[in-house]
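Below is the file protein.cif, which contains mmCIF, C-alpha atoms.
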data_target
loop_
_atom_site.group_PDB
_atom_site.id
_atom_site.type_symbol
_atom_site.label_atom_id
_atom_site.label_comp_id
_atom_site.auth_asym_id
_atom_site.auth_seq_id
_atom_site.Cartn_x
_atom_site.Cartn_y
_atom_site.Cartn_z
ATOM 1 C CA MET A 1 -167.426 -28.746 8.042
ATOM 2 C CA LEU A 2 -169.537 -31.284 9.884
ATOM 3 C CA PHE A 3 -168.232 -32.841 13.071
ATOM 4 C CA ILE A 4 -169.791 -35.416 15.404
ATOM 5 C CA LYS A 5 -168.294 -36.739 18.612
ATOM 6 C CA LEU A 6 -170.191 -39.335 20.613
ATOM 7 C CA ARG A 7 -168.977 -40.784 23.863
ATOM 8 C CA PHE A 8 -170.822 -43.901 24.981
ATOM 9 C CA TYR A 9 -170.617 -47.059 27.010
ATOM 10 C CA PRO A 10 -170.105 -49.892 24.520
ATOM 11 C CA GLU A 11 -173.392 -51.677 25.028
ATOM 12 C CA TRP A 12 -175.033 -53.635 22.230
ATOM 13 C CA GLU A 13 -178.493 -52.061 22.420
ATOM 14 C CA ASP A 14 -177.008 -48.572 21.982
ATOM 15 C CA ILE A 15 -175.565 -49.477 18.566
ATOM 16 C CA PHE A 16 -179.053 -49.362 17.044
ATOM 17 C CA LEU A 17 -179.673 -45.905 18.502
ATOM 18 C CA ILE A 18 -176.333 -44.461 17.386
ATOM 19 C CA ARG A 19 -176.670 -46.015 13.916
ATOM 20 C CA ASN A 20 -180.052 -44.400 13.434
ATOM 21 C CA PHE A 21 -178.760 -41.088 14.760
ATOM 22 C CA ILE A 22 -175.925 -41.163 12.189
ATOM 23 C CA ILE A 23 -178.360 -41.955 9.365
ATOM 24 C CA ALA A 24 -180.732 -39.178 10.401
ATOM 25 C CA PHE A 25 -177.982 -36.628 10.978
ATOM 26 C CA LEU A 26 -175.969 -37.242 7.808
ATOM 27 C CA SER A 27 -179.032 -37.506 5.591
ATOM 28 C CA GLN A 28 -180.245 -34.132 6.831
ATOM 29 C CA LYS A 29 -176.855 -32.431 6.680
ATOM 30 C CA ILE A 30 -174.739 -33.651 3.775
ATOM 31 C CA ALA A 31 -176.017 -36.634 1.829
ATOM 32 C CA ASP A 32 -179.025 -38.654 0.785
ATOM 33 C CA LYS A 33 -180.119 -41.578 2.910
ATOM 34 C CA LYS A 34 -178.283 -44.159 0.787
ATOM 35 C CA GLU A 35 -174.938 -42.538 1.483
ATOM 36 C CA ALA A 36 -175.790 -41.932 5.123
ATOM 37 C CA TYR A 37 -176.721 -45.601 5.411
ATOM 38 C CA ARG A 38 -173.392 -46.728 3.946
ATOM 39 C CA ILE A 39 -171.524 -44.686 6.545
ATOM 40 C CA ALA A 40 -173.820 -46.025 9.271
ATOM 41 C CA ILE A 41 -173.026 -49.631 8.276
ATOM 42 C CA ILE A 42 -169.324 -48.897 8.763
ATOM 43 C CA ALA A 43 -170.012 -47.314 12.146
ATOM 44 C CA SER A 44 -172.287 -50.171 13.176
ATOM 45 C CA GLU A 45 -169.753 -52.897 12.373
ATOM 46 C CA LEU A 46 -167.019 -51.035 14.249
ATOM 47 C CA MET A 47 -169.284 -50.388 17.236
ATOM 48 C CA GLU A 48 -170.077 -54.110 17.328
ATOM 49 C CA ASN A 49 -166.358 -54.834 17.559
ATOM 50 C CA ALA A 50 -166.012 -52.235 20.319
ATOM 51 C CA CYS A 51 -168.860 -53.864 22.248
ATOM 52 C CA LYS A 52 -167.420 -57.345 21.877
ATOM 53 C CA TYR A 53 -163.863 -56.473 22.823
ATOM 54 C CA SER A 54 -164.045 -53.519 25.231
ATOM 55 C CA ALA A 55 -162.493 -54.428 28.553
ATOM 56 C CA THR A 56 -163.644 -51.381 30.506
ATOM 57 C CA GLY A 57 -164.429 -47.694 30.196
ATOM 58 C CA GLU A 58 -166.121 -45.883 27.387
ATOM 59 C CA ALA A 59 -165.904 -45.736 23.626
ATOM 60 C CA VAL A 60 -165.742 -42.643 21.460
ATOM 61 C CA ILE A 61 -166.836 -42.196 17.861
ATOM 62 C CA GLU A 62 -165.703 -39.122 15.985
ATOM 63 C CA LEU A 63 -166.888 -38.335 12.489
ATOM 64 C CA GLU A 64 -165.520 -35.424 10.525
ATOM 65 C CA GLN A 65 -166.313 -34.149 7.065
ATOM 66 C CA LYS A 66 -162.908 -33.051 5.771
ATOM 67 C CA THR A 67 -164.078 -31.744 2.417
ATOM 68 C CA ASP A 68 -167.389 -31.786 0.552
ATOM 69 C CA ASN A 69 -166.946 -35.461 -0.251
ATOM 70 C CA LYS A 70 -164.315 -36.739 2.160
ATOM 71 C CA ILE A 71 -165.272 -38.289 5.505
ATOM 72 C CA GLU A 72 -162.953 -39.508 8.217
ATOM 73 C CA PHE A 73 -164.008 -41.186 11.367
ATOM 74 C CA SER A 74 -162.533 -43.072 14.231
ATOM 75 C CA ILE A 75 -163.695 -45.315 17.022
ATOM 76 C CA LYS A 76 -161.690 -45.636 20.194
ATOM 77 C CA ASN A 77 -162.130 -48.174 22.951
ATOM 78 C CA ILE A 78 -160.108 -49.873 25.677
ATOM 79 C CA THR A 79 -159.241 -53.475 25.014
ATOM 80 C CA LYS A 80 -156.752 -56.163 26.005
ATOM 81 C CA LYS A 81 -153.355 -56.174 24.306
ATOM 82 C CA GLU A 82 -154.005 -59.690 23.028
ATOM 83 C CA ASN A 83 -157.114 -58.411 21.192
ATOM 84 C CA ILE A 84 -155.039 -55.651 19.596
ATOM 85 C CA GLU A 85 -152.481 -58.194 18.391
ATOM 86 C CA GLU A 86 -155.275 -60.246 16.869
ATOM 87 C CA PHE A 87 -156.798 -57.133 15.314
ATOM 88 C CA LYS A 88 -153.449 -56.252 13.673
ATOM 89 C CA LYS A 89 -153.230 -59.704 12.086
ATOM 90 C CA ILE A 90 -156.801 -59.527 10.824
ATOM 91 C CA LEU A 91 -156.359 -56.031 9.425
ATOM 92 C CA ASN A 92 -153.213 -57.092 7.567
ATOM 93 C CA MET A 93 -155.240 -59.850 5.979
ATOM 94 C CA ILE A 94 -158.178 -57.551 5.198
ATOM 95 C CA ASN A 95 -156.028 -54.855 3.614
ATOM 96 C CA LYS A 96 -154.325 -57.234 1.191
ATOM 97 C CA GLY A 97 -155.573 -57.491 -2.370
ATOM 98 C CA PRO A 98 -158.697 -56.095 -4.011
ATOM 99 C CA ALA A 99 -161.448 -55.274 -1.509
ATOM 100 C CA LYS A 100 -164.159 -57.337 -3.234
ATOM 101 C CA GLU A 101 -161.989 -60.434 -3.513
ATOM 102 C CA THR A 102 -160.959 -60.126 0.125
ATOM 103 C CA TYR A 103 -164.612 -59.796 1.190
ATOM 104 C CA LYS A 104 -165.472 -62.906 -0.810
ATOM 105 C CA ASN A 105 -162.571 -64.828 0.742
ATOM 106 C CA MET A 106 -163.644 -63.770 4.224
ATOM 107 C CA MET A 107 -167.177 -64.972 3.468
ATOM 108 C CA LEU A 108 -165.765 -68.366 2.522
ATOM 109 C CA ARG A 109 -163.739 -68.455 5.740
ATOM 110 C CA ALA A 110 -166.789 -67.497 7.811
ATOM 111 C CA ILE A 111 -168.861 -70.417 6.526
ATOM 112 C CA ASN A 112 -168.870 -73.158 9.154
ATOM 113 C CA ALA A 113 -166.456 -71.156 11.287
ATOM 114 C CA ASP A 114 -166.989 -70.045 14.848
ATOM 115 C CA ASN A 115 -168.121 -66.520 15.630
ATOM 116 C CA ASN A 116 -164.565 -65.208 15.795
ATOM 117 C CA LYS A 117 -164.423 -65.268 12.021
ATOM 118 C CA VAL A 118 -167.349 -62.851 11.944
ATOM 119 C CA LYS A 119 -164.940 -60.152 13.116
ATOM 120 C CA GLN A 120 -162.923 -60.677 9.967
ATOM 121 C CA LEU A 121 -166.077 -60.556 7.861
ATOM 122 C CA GLY A 122 -167.129 -57.299 9.524
ATOM 123 C CA LEU A 123 -163.839 -55.565 8.738
ATOM 124 C CA ALA A 124 -163.819 -56.895 5.171
ATOM 125 C CA ARG A 125 -167.337 -55.550 4.847
ATOM 126 C CA VAL A 126 -166.254 -52.133 6.126
ATOM 127 C CA ARG A 127 -163.501 -52.034 3.514
ATOM 128 C CA TYR A 128 -165.582 -53.217 0.544
ATOM 129 C CA GLU A 129 -169.149 -52.066 1.218
ATOM 130 C CA GLY A 130 -167.964 -48.921 2.971
ATOM 131 C CA HIS A 131 -165.399 -48.099 0.237
ATOM 132 C CA SER A 132 -163.051 -47.441 3.125
ATOM 133 C CA GLU A 133 -159.393 -47.275 3.960
ATOM 134 C CA ILE A 134 -158.840 -48.762 7.421
ATOM 135 C CA THR A 135 -155.876 -47.917 9.646
ATOM 136 C CA TYR A 136 -155.348 -47.873 13.414
ATOM 137 C CA GLU A 137 -153.350 -46.412 16.278
ATOM 138 C CA THR A 138 -152.778 -47.706 19.784
ATOM 139 C CA ARG A 139 -152.106 -45.818 23.007
ATOM 140 C CA ASP A 140 -151.034 -46.892 26.478
ATOM 141 C CA ASP A 141 -152.830 -44.033 28.187
ATOM 142 C CA ILE A 142 -156.311 -45.371 28.841
ATOM 143 C CA HIS A 143 -157.348 -42.648 31.302
ATOM 144 C CA ALA A 144 -159.016 -40.474 28.670
ATOM 145 C CA LEU A 145 -161.638 -43.162 28.190
ATOM 146 C CA LEU A 146 -162.175 -43.785 31.892
ATOM 147 C CA GLU A 147 -163.448 -40.323 32.799
ATOM 148 C CA ASN A 148 -166.942 -41.444 33.724
ATOM 149 C CA THR A 149 -166.125 -44.991 34.745
ATOM 150 C CA LYS A 150 -166.165 -45.772 38.447
ATOM 151 C CA ASN A 151 -164.402 -48.598 40.237
ATOM 152 C CA THR A 152 -162.151 -49.432 37.326
ATOM 153 C CA LYS A 153 -159.449 -51.955 38.059
ATOM 154 C CA MET A 154 -156.251 -50.646 36.489
ATOM 155 C CA ASN A 155 -154.510 -53.221 34.451
ATOM 156 C CA ASN A 156 -151.279 -53.053 32.472
ATOM 157 C CA ASP A 157 -152.755 -55.445 29.983
ATOM 158 C CA LEU A 158 -155.096 -52.772 28.577
ATOM 159 C CA MET A 159 -154.600 -50.300 25.725
ATOM 160 C CA VAL A 160 -156.659 -47.892 23.663
ATOM 161 C CA LEU A 161 -157.362 -49.111 20.142
ATOM 162 C CA ASN A 162 -158.244 -46.322 17.733
ATOM 163 C CA ILE A 163 -159.586 -47.601 14.411
ATOM 164 C CA LYS A 164 -159.490 -44.909 11.739
ATOM 165 C CA ILE A 165 -161.571 -44.890 8.594
ATOM 166 C CA LYS A 166 -161.238 -42.749 5.503
ATOM 167 C CA THR A 167 -164.037 -42.838 2.995
ATOM 168 C CA PHE A 168 -165.888 -40.571 0.614
ATOM 169 C CA ILE A 169 -169.440 -39.378 0.548
ATOM 170 C CA ILE A 170 -171.396 -38.305 -2.474
ATOM 171 C CA PRO A 171 -173.204 -35.101 -1.518
ATOM 172 C CA GLY A 172 -176.851 -35.704 -2.329
ATOM 173 C CA GLN A 173 -180.375 -34.532 -1.891
ATOM 174 C CA LYS A 174 -180.454 -33.749 1.808
ATOM 175 C CA GLY A 175 -183.441 -35.060 3.651
ATOM 176 C CA GLU A 176 -184.193 -37.714 1.039
ATOM 177 C CA VAL A 177 -185.663 -40.598 2.959
ATOM 178 C CA ASN A 178 -186.343 -43.263 0.349
ATOM 179 C CA GLY A 179 -184.061 -46.255 0.089
ATOM 180 C CA ASN A 180 -180.979 -47.154 2.041
ATOM 181 C CA MET B 1 -193.630 -79.532 0.259
ATOM 182 C CA ALA B 2 -194.442 -75.955 1.183
ATOM 183 C CA ILE B 3 -192.272 -74.182 3.695
ATOM 184 C CA ASN B 4 -194.613 -72.778 6.298
ATOM 185 C CA ILE B 5 -192.974 -71.276 9.349
ATOM 186 C CA PRO B 6 -195.075 -68.850 11.403
ATOM 187 C CA LYS B 7 -194.026 -65.235 11.728
ATOM 188 C CA LYS B 8 -191.801 -64.540 14.710
ATOM 189 C CA LYS B 9 -190.316 -61.297 15.953
ATOM 190 C CA TYR B 10 -186.875 -61.030 17.535
ATOM 191 C CA LYS B 11 -186.442 -57.440 18.658
ATOM 192 C CA ARG B 12 -186.401 -55.496 15.375
ATOM 193 C CA ALA B 13 -186.225 -58.575 13.127
ATOM 194 C CA VAL B 14 -189.197 -60.514 11.733
ATOM 195 C CA ILE B 15 -188.751 -63.939 10.105
ATOM 196 C CA TYR B 16 -191.197 -66.384 8.553
ATOM 197 C CA ALA B 17 -191.677 -68.676 5.582
ATOM 198 C CA ASN B 18 -194.663 -69.062 3.341
ATOM 199 C CA GLY B 19 -194.959 -71.466 0.403
ATOM 200 C CA ASP B 20 -191.637 -71.403 -1.394
ATOM 201 C CA THR B 21 -190.398 -68.187 0.202
ATOM 202 C CA VAL B 22 -188.344 -67.484 3.281
ATOM 203 C CA VAL B 23 -188.789 -63.884 4.431
ATOM 204 C CA LEU B 24 -186.444 -61.739 6.514
ATOM 205 C CA GLU B 25 -187.685 -58.271 7.483
ATOM 206 C CA GLY B 26 -186.726 -55.388 9.741
ATOM 207 C CA GLU B 27 -183.253 -55.126 11.238
ATOM 208 C CA ILE B 28 -181.039 -58.087 12.072
ATOM 209 C CA ASP B 29 -178.491 -56.476 14.343
ATOM 210 C CA GLN B 30 -178.373 -58.745 17.374
ATOM 211 C CA SER B 31 -175.060 -59.888 18.830
ATOM 212 C CA ASN B 32 -175.969 -63.537 18.243
ATOM 213 C CA PRO B 33 -178.538 -63.735 15.416
ATOM 214 C CA GLU B 34 -177.599 -67.383 14.923
ATOM 215 C CA THR B 35 -179.689 -68.222 17.998
ATOM 216 C CA PHE B 36 -182.868 -67.693 15.970
ATOM 217 C CA LEU B 37 -181.631 -67.774 12.348
ATOM 218 C CA GLU B 38 -179.873 -71.158 12.543
ATOM 219 C CA PRO B 39 -182.949 -73.148 13.674
ATOM 220 C CA PHE B 40 -185.128 -71.157 11.279
ATOM 221 C CA PHE B 41 -182.896 -71.880 8.276
ATOM 222 C CA LYS B 42 -182.443 -75.502 9.380
ATOM 223 C CA LYS B 43 -186.201 -76.001 9.328
ATOM 224 C CA ALA B 44 -186.543 -74.189 5.997
ATOM 225 C CA SER B 45 -183.761 -76.315 4.546
ATOM 226 C CA SER B 46 -185.443 -79.538 5.640
ATOM 227 C CA LEU B 47 -188.744 -78.491 4.058
ATOM 228 C CA MET B 48 -187.481 -76.985 0.807
ATOM 229 C CA THR B 49 -187.592 -78.902 -2.447
ATOM 230 C CA THR B 50 -185.386 -77.958 -5.370
ATOM 231 C CA PHE B 51 -185.557 -74.225 -4.961
ATOM 232 C CA VAL B 52 -186.359 -71.555 -2.427
ATOM 233 C CA TYR B 53 -186.804 -67.806 -2.526
ATOM 234 C CA ILE B 54 -185.189 -65.683 0.159
ATOM 235 C CA ASP B 55 -187.056 -62.399 0.253
ATOM 236 C CA ILE B 56 -185.013 -59.638 1.872
ATOM 237 C CA THR B 57 -186.777 -56.684 0.244
ATOM 238 C CA GLY B 58 -188.085 -55.634 3.648
ATOM 239 C CA LEU B 59 -184.785 -56.136 5.416
ATOM 240 C CA GLU B 60 -183.420 -52.720 6.343
ATOM 241 C CA PHE B 61 -180.232 -53.793 8.083
ATOM 242 C CA LEU B 62 -178.170 -56.965 8.377
ATOM 243 C CA ASN B 63 -174.985 -57.150 10.426
ATOM 244 C CA SER B 64 -172.020 -59.341 9.528
ATOM 245 C CA ALA B 65 -173.141 -62.014 12.019
ATOM 246 C CA GLY B 66 -176.440 -62.149 10.110
ATOM 247 C CA ILE B 67 -174.573 -62.368 6.795
ATOM 248 C CA LYS B 68 -172.701 -65.368 8.209
ATOM 249 C CA CYS B 69 -176.038 -67.081 9.037
ATOM 250 C CA ILE B 70 -177.283 -66.585 5.465
ATOM 251 C CA LEU B 71 -173.964 -67.889 4.112
ATOM 252 C CA ASP B 72 -174.238 -71.006 6.284
ATOM 253 C CA PHE B 73 -177.757 -71.656 4.978
ATOM 254 C CA LEU B 74 -176.750 -71.138 1.356
ATOM 255 C CA MET B 75 -173.750 -73.404 1.578
ATOM 256 C CA LYS B 76 -175.413 -76.165 3.644
ATOM 257 C CA ARG B 77 -178.629 -76.378 1.645
ATOM 258 C CA LYS B 78 -179.608 -79.506 -0.275
ATOM 259 C CA SER B 79 -177.232 -80.237 -3.106
ATOM 260 C CA ASN B 80 -178.425 -79.232 -6.560
ATOM 261 C CA SER B 81 -181.050 -76.923 -5.102
ATOM 262 C CA ARG B 82 -181.363 -73.341 -6.222
ATOM 263 C CA VAL B 83 -181.843 -70.200 -4.198
ATOM 264 C CA ILE B 84 -183.347 -67.052 -5.604
ATOM 265 C CA ILE B 85 -182.623 -64.014 -3.454
ATOM 266 C CA ARG B 86 -185.265 -61.342 -3.892
ATOM 267 C CA THR B 87 -183.642 -57.964 -3.212
ATOM 268 C CA ASP B 88 -184.525 -54.309 -3.192
ATOM 269 C CA ARG B 89 -181.812 -52.685 -5.291
ATOM 270 C CA LYS B 90 -182.689 -49.291 -3.865
ATOM 271 C CA LYS B 91 -181.055 -50.504 -0.674
ATOM 272 C CA THR B 92 -177.374 -50.061 -1.466
ATOM 273 C CA TRP B 93 -176.119 -52.632 1.069
ATOM 274 C CA GLN B 94 -178.250 -55.322 -0.550
ATOM 275 C CA ARG B 95 -176.663 -54.615 -3.901
ATOM 276 C CA THR B 96 -173.096 -54.696 -2.573
ATOM 277 C CA ALA B 97 -173.384 -57.553 -0.074
ATOM 278 C CA ILE B 98 -175.671 -59.848 -2.031
ATOM 279 C CA ASP B 99 -173.673 -59.479 -5.242
ATOM 280 C CA VAL B 100 -170.643 -60.858 -3.423
ATOM 281 C CA ILE B 101 -172.708 -63.658 -1.854
ATOM 282 C CA GLN B 102 -174.022 -64.601 -5.283
ATOM 283 C CA SER B 103 -170.502 -64.769 -6.666
ATOM 284 C CA LEU B 104 -169.862 -67.754 -4.363
ATOM 285 C CA ASP B 105 -172.168 -69.956 -6.472
ATOM 286 C CA LYS B 106 -173.370 -68.078 -9.537
ATOM 287 C CA GLU B 107 -175.125 -71.069 -11.089
ATOM 288 C CA ASN B 108 -177.355 -71.848 -8.146
ATOM 289 C CA ILE B 109 -177.721 -68.551 -6.316
ATOM 290 C CA LEU B 110 -179.791 -66.206 -8.419
ATOM 291 C CA LEU B 111 -180.941 -62.656 -7.823
ATOM 292 C CA GLU B 112 -184.359 -61.211 -8.452
ATOM 293 C CA GLU B 113 -185.068 -57.498 -8.128
#

Is it possible to express this structure as structure tokens?
Amino acid sequence: MLFIKLRFYPEWEDIFLIRNFIIAFLSQKIADKKEAYRIAIIASELMENACKYSATGEAVIELEQKTDNKIEFSIKNITKKENIEEFKKILNMINKGPAKETYKNMMLRAINADNNKVKQLGLARVRYEGHSEITYETRDDIHALLENTKNTKMNNDLMVLNIKIKTFIIPGQKGEVNGN
Amino acid sequence: MAINIPKKKYKRAVIYANGDTVVLEGEIDQSNPETFLEPFFKKASSLMTTFVYIDITGLEFLNSAGIKCILDFLMKRKSNSRVIIRTDRKKTWQRTAIDVIQSLDKENILLEE
């Protein structure tokens, strides 16, 4: 089954490149472009979060096709413990109730709010538009994501946040390029 | 009054307004799209009459920060005005995201395919 692992520095301009790589790769390998695009939206929103909240080091995206129509992926990055606590609260809110209703409520909250509320909108979008189940893990050991990072100041306030996504994919006409 | 705002490019995004239509094209994926979308929508809002089209048929990607900018425009527009969002239903994200946006004010936010 298909497997992608990308290790990158969480920099905003790279999101565009990785998103387009995911679209091109999935649409050639397992699905039509519409499905590949849906997965890429999930990845893009999560990469944006990684860029905004990474404290140091690298980020890693792993995408695995578990069965013909089941996709799991994860994004890991190093962030401050306070960001993880905030993420937990937001995810609890996002995972409550029907996905569409939650997305609508998060849109209402985002109106007139500061940019912080956009994070909530992004996760609600991942759940509803991505047809996804969102979970997470945390780890104290940040060294695995510091392999290529020089001059890193070690800090007890940092942890690895691993956001895990389960979704499906409808196998389609590979290589179809119309529509997204 | 017609809404005429010249075409401007911001990285992969192109925005302009012509007549009664506001057009968003390309990819809105910047970290702070409000820096160019807020003034653009503010100007469009001041020039619009009782209705405006938002044409996103050429918009390939919109991040959640961009969705927030559209939401702000829709909810802050002149009272009793109508917005018709012109979408490309072949683009799945437009169907899923815009349907939810429309549900916020079904009477005054309409969809055209």

The PyMOL selection byres ((chain A) within 10 of (chain B)) applied to the shown file, residues as a ChimeraX atom specification: /A:12-13,15-16,33-35,37-38,41,44-45,48,51-52,100-101,103-105,107-126,128-130,178-180

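With only C-alpha atoms as the atoms that count, the minimum distance from B:Ser45 to the choices B:Glu113, B:Lys8, B:Ile84, B:Arg77 is reached by B:Arg77.
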
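For the pair atom CA of A:Met159 and atom CA of A:Phe8, the separation is 17.5 Å.
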
If we count all atoms listed in the file, what is near B:Ile15 at a cut-off of 7 Å, once residues fewer than 5 positions away on the same chain are taken out, given as JSON, numbers by chain? {"B": [7, 8, 9, 23, 24, 25]}

Residue by residue, what does the PyMOL selection byres ((chain A and resi 59-71) around 8) grab here? Present the result as a list in words. Met1, Leu2, Phe3, Ile4, Lys5, Leu6, Arg7, Phe8, Tyr9, Pro10, Ala50, Gly57, Glu58, Glu72, Phe73, Ser74, Ile75, Lys76, Asn77, Ile78, Leu145, Lys166, Thr167, Phe168, Ile169, Ile170 and Pro171 of chain A

How many Å lie between atom CA of A:Lys89 and atom CA of A:Ile39, rounded to one decimal? 24.3 Å

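The coordinates place atom CA of A:Leu161 at 4.8 Å from atom CA of A:Thr138.
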
Who sits within 8 Å of A:Ala40, all atoms listed in the file, same chain under 2 positions skipped, as a PDB file with C-alpha atoms, in the frame of the given file:
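The file below, part_25.pdb, is the result:
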ATOM      1  CA  ARG A  19    -176.670 -46.015  13.916  1.00  0.00           C
ATOM      2  CA  ASN A  20    -180.052 -44.400  13.434  1.00  0.00           C
ATOM      3  CA  ILE A  22    -175.925 -41.163  12.189  1.00  0.00           C
ATOM      4  CA  ILE A  23    -178.360 -41.955   9.365  1.00  0.00           C
ATOM      5  CA  ALA A  36    -175.790 -41.932   5.123  1.00  0.00           C
ATOM      6  CA  TYR A  37    -176.721 -45.601   5.411  1.00  0.00           C
ATOM      7  CA  ARG A  38    -173.392 -46.728   3.946  1.00  0.00           C
ATOM      8  CA  ILE A  42    -169.324 -48.897   8.763  1.00  0.00           C
ATOM      9  CA  ALA A  43    -170.012 -47.314  12.146  1.00  0.00           C
ATOM     10  CA  SER A  44    -172.287 -50.171  13.176  1.00  0.00           C
TER      11      SER A  44
END
